[in-house]
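The structure under discussion appears below in the form of structure tokens.
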Amino acid sequence: MTTRIGAVGGAFFMLLACTGITQAQTISYADAMSLLSKDCGADVKKFCKGLNLGNNEIRNCLEGQPVSSQCTATLASVTASIERRLAAQASVFKICASNANQHCKGVVGEVHILQCLIKTERIDSAKCTQAITDAGWR
Amino acid sequence: MALTETQKGIKTMLRRLLIALVPLVCLGIQPAGAQQITEHQLIGSLDKMAAAAPMVDVGLLIEEANSNAGRGIAALPNWSVLAELPQFAVDIEFENNSVAIEPQSYRTIGVIADALHHPLLRNYRFLIVGHTNATGKPEHNLELSLQRANAIKVALMTTFSIPANQLEAVGAGQEWPLDGTSPKDAKNRRVQLINLGPAR
């Protein structure tokens, strides 16, 4: 039974991952922008001429227009992914501070500490490893 | 029923395999054919900062460009310093005569955001330089390229929360063509990203 739920859950996860992004993961800013362009590009050209990515111009425009349902869904998931990744990147070293103190003594510099934390992943806290994953720094 | 260690191990392996497969199954994301730059290419080029980076005064760059429209700027004192700094040129498409970035170029903005947030680069300050080709009036091109560089800066600052003290923008107009023998060629239209050294 457990196995069957696992298999069904896995298939569902695959489906979600392919139609967009699951709430539980982040994607690179580049992939987020590719999705936005793929699913909302036509609506941007149709409804948001002259408006820009910055200052939420495109997002505000799309949210106020009768855009495709795929664009609406993608805009929401892309926005959520970007926010989650930004938050993770801003807080990784804080969240992982005690792990770094414990397992990476004497290691200096963010890049090296990050490399050390990835190596010591098995003994780092779940929160720390999740933050590194969400930050996209593996 | 409690799982044995072996069963747990197999479950973890399957889960990892599933996660690893997702990107392979979903390769439809990227537009085919177009040359795509990657975060790693950007980081690799922008990370090579010499110990003693020359100081760049962005205000002086703008002054020099404004007083030399139509006469070229690559050899001017402040602009010529830029050639010594780590840099990367990208193509970003804009709507005609507008500062609006075309959706097809959103990915490139995303790639830049990925690179500038990376621990290897996120303590540096970057200059965004906009270039046009030589059609139309030099003064107009100078102004348009500055506004477009600014649009990229604003997108990076707001949509991707790159701190304001890490980004500068200037326009070079048509004054610094990639190919001086054919200044009207579209290949001269580009955006340079230049590492200005540690952010203060």
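Just so we're on the same page: first chain in the structure tokens is A, next is B, and so on; residues restart at 1 for each chain, and ligands are numbered from 1 in the order they show up.
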
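DSSP, applied to the backbone of this structure, assigns strand (DSSP E or B) to the following residues of segment 51-190 of chain B: Gln87, Phe88, Ala89, Val90, Phe94, Ile101, Tyr124, Arg125, Phe126, Leu127, Ile128, Val129, Gly130, His131, Leu167, Glu168, Ala169, Val170, Gly171, Ala172, Gly173 and Arg190 of chain B.
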
Can you work out which residues from chain B touch chain A at a cut-off of 6 Å (counting only C-alpha atoms) and hand them back as an NGL selection string? :B and (26 or 100 or 103 or 106-107 or 110-111 or 114 or 119 or 154-155 or 158-159)

Selection to disk with N, CA and C atoms, as a CSV table (one decimal), in the first residue's frame:
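selection01.csv written:
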```csv
chain,number,residue,atom,x,y,z
B,26,CYS,N,11.5,17.4,-18.3
B,26,CYS,CA,10.9,18.7,-18.6
B,26,CYS,C,11.7,19.6,-19.4
B,100,ALA,N,11.3,48.7,-23.1
B,100,ALA,CA,10.6,47.4,-22.7
B,100,ALA,C,11.4,46.2,-23.2
B,103,PRO,N,9.9,39.6,-24.1
B,103,PRO,CA,9.8,38.4,-23.4
B,103,PRO,C,10.9,37.3,-23.7
B,106,TYR,N,13.8,37.6,-21.4
B,106,TYR,CA,13.6,37.5,-20.0
B,106,TYR,C,14.6,36.5,-19.4
B,107,ARG,N,14.8,35.4,-20.1
B,107,ARG,CA,15.7,34.4,-19.5
B,107,ARG,C,17.1,35.0,-19.3
B,110,GLY,N,17.2,36.7,-16.2
B,110,GLY,CA,17.2,35.7,-15.1
B,110,GLY,C,18.6,35.1,-14.9
B,111,VAL,N,19.3,34.8,-16.0
B,111,VAL,CA,20.7,34.2,-15.9
B,111,VAL,C,21.6,35.2,-15.2
B,114,ASP,N,20.8,35.1,-11.5
B,114,ASP,CA,21.4,33.8,-10.9
B,114,ASP,C,22.9,34.1,-10.6
B,119,PRO,N,27.3,33.3,-4.4
B,119,PRO,CA,28.4,33.7,-3.4
B,119,PRO,C,29.7,34.2,-4.0
B,154,VAL,N,17.0,48.2,-13.2
B,154,VAL,CA,15.7,48.2,-12.3
B,154,VAL,C,15.1,46.8,-12.2
B,155,ALA,N,15.1,46.1,-13.4
B,155,ALA,CA,14.6,44.7,-13.3
B,155,ALA,C,15.4,43.9,-12.3
B,158,THR,N,14.6,45.2,-8.6
B,158,THR,CA,13.2,45.0,-8.1
B,158,THR,C,12.8,43.6,-8.2
B,159,THR,N,12.7,43.0,-9.4
B,159,THR,CA,12.3,41.6,-9.6
B,159,THR,C,13.2,40.7,-8.9
```

Run DSSP on the backbone and grab whatever in chain A lands in helix (DSSP H, G or I); send it over as a ChimeraX atom specification. /A:2-19,29-47,54-63,69-95,97-103,110-119,121-123,126-135

Determine, counting only C-alpha atoms, which protein, DNA and RNA residues have an atom within 12 Å of an atom of Ala97 of chain A; residues of the same chain fewer than 2 positions away are not included. Present the result as JSON, numbers by chain. {"A": [91, 92, 93, 94, 95, 99, 100, 101, 102, 103, 104, 105, 110, 113, 114, 117, 124, 125, 127, 128, 129, 131]}

Could you save those same residues with C-alpha atoms as a short mmCIF file (atom, residue, chain, number, x, y, z; two decimals), in the first residue's frame?
```
data_model
loop_
_atom_site.label_atom_id
_atom_site.label_comp_id
_atom_site.auth_asym_id
_atom_site.auth_seq_id
_atom_site.Cartn_x
_atom_site.Cartn_y
_atom_site.Cartn_z
CA SER A 91 19.41 33.50 4.82
CA VAL A 92 21.46 30.38 4.01
CA PHE A 93 24.49 31.40 6.02
CA LYS A 94 22.38 32.45 8.99
CA ILE A 95 20.32 29.24 8.94
CA ASN A 99 26.32 23.71 11.30
CA ALA A 100 29.17 25.72 9.81
CA ASN A 101 30.63 26.39 13.27
CA GLN A 102 30.41 22.73 14.12
CA HIS A 103 31.48 21.06 10.88
CA CYS A 104 33.49 23.70 9.01
CA LYS A 105 35.79 25.10 11.70
CA GLU A 110 31.09 32.08 1.86
CA ILE A 113 31.79 27.42 3.75
CA LEU A 114 29.11 26.52 1.22
CA LEU A 117 28.30 22.45 4.11
CA ASP A 124 23.75 19.17 8.73
CA SER A 125 20.29 20.17 9.95
CA LYS A 127 16.67 23.35 7.60
CA CYS A 128 20.22 24.08 6.49
CA THR A 129 20.23 21.54 3.65
CA ALA A 131 17.99 26.34 2.47
#
```

Under the rule that only C-alpha atoms are counted, which of A:Arg138, A:Val108, A:Ser98, A:Gln25 is the nearest residue to Ser81 of chain A? A:Gln25

List the neighbours of Ile73 of chain B out to 10 Å using only C-alpha atoms; skip same-chain residues closer than 3 positions along the sequence, and give me the result as a PyMOL selection string. chain B and resi 61+64-70+76-80+172-177

I'd like the contact shell of Ala50 of chain B - 9 Å cut-off, only C-alpha atoms, skipping same-chain residues fewer than 2 positions apart - returned as a PDB file with N, CA and C atoms, in the first residue's frame.
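Below is the file selection_8.pdb, written as the result:
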```
ATOM      1  N   LYS B  48      36.948  36.889 -12.505  1.00  0.00           N
ATOM      2  CA  LYS B  48      38.410  37.000 -12.618  1.00  0.00           C
ATOM      3  C   LYS B  48      38.900  38.413 -12.307  1.00  0.00           C
ATOM      4  N   ALA B  52      44.405  44.510  -7.975  1.00  0.00           N
ATOM      5  CA  ALA B  52      44.274  45.967  -7.978  1.00  0.00           C
ATOM      6  C   ALA B  52      43.413  46.424  -9.153  1.00  0.00           C
ATOM      7  N   ALA B  53      42.114  46.373  -8.951  1.00  0.00           N
ATOM      8  CA  ALA B  53      41.205  46.792 -10.016  1.00  0.00           C
ATOM      9  C   ALA B  53      41.243  48.309 -10.137  1.00  0.00           C
ATOM     10  N   LEU B  85      38.786  45.396 -17.050  1.00  0.00           N
ATOM     11  CA  LEU B  85      37.982  44.733 -16.009  1.00  0.00           C
ATOM     12  C   LEU B  85      37.283  43.480 -16.538  1.00  0.00           C
ATOM     13  N   PRO B  86      37.009  42.491 -15.634  1.00  0.00           N
ATOM     14  CA  PRO B  86      36.300  41.274 -16.051  1.00  0.00           C
ATOM     15  C   PRO B  86      34.930  41.636 -16.605  1.00  0.00           C
ATOM     16  N   GLY B 197      34.610  45.670  -9.120  1.00  0.00           N
ATOM     17  CA  GLY B 197      35.327  45.440  -7.865  1.00  0.00           C
ATOM     18  C   GLY B 197      34.371  45.353  -6.681  1.00  0.00           C
TER      19      GLY B 197
END
```

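Compared by their closest atoms to Asp134 of chain A, and using only C-alpha atoms, the residues A:Thr26, A:Thr120, A:Gln115, A:Ser69 rank with A:Thr26 nearest.
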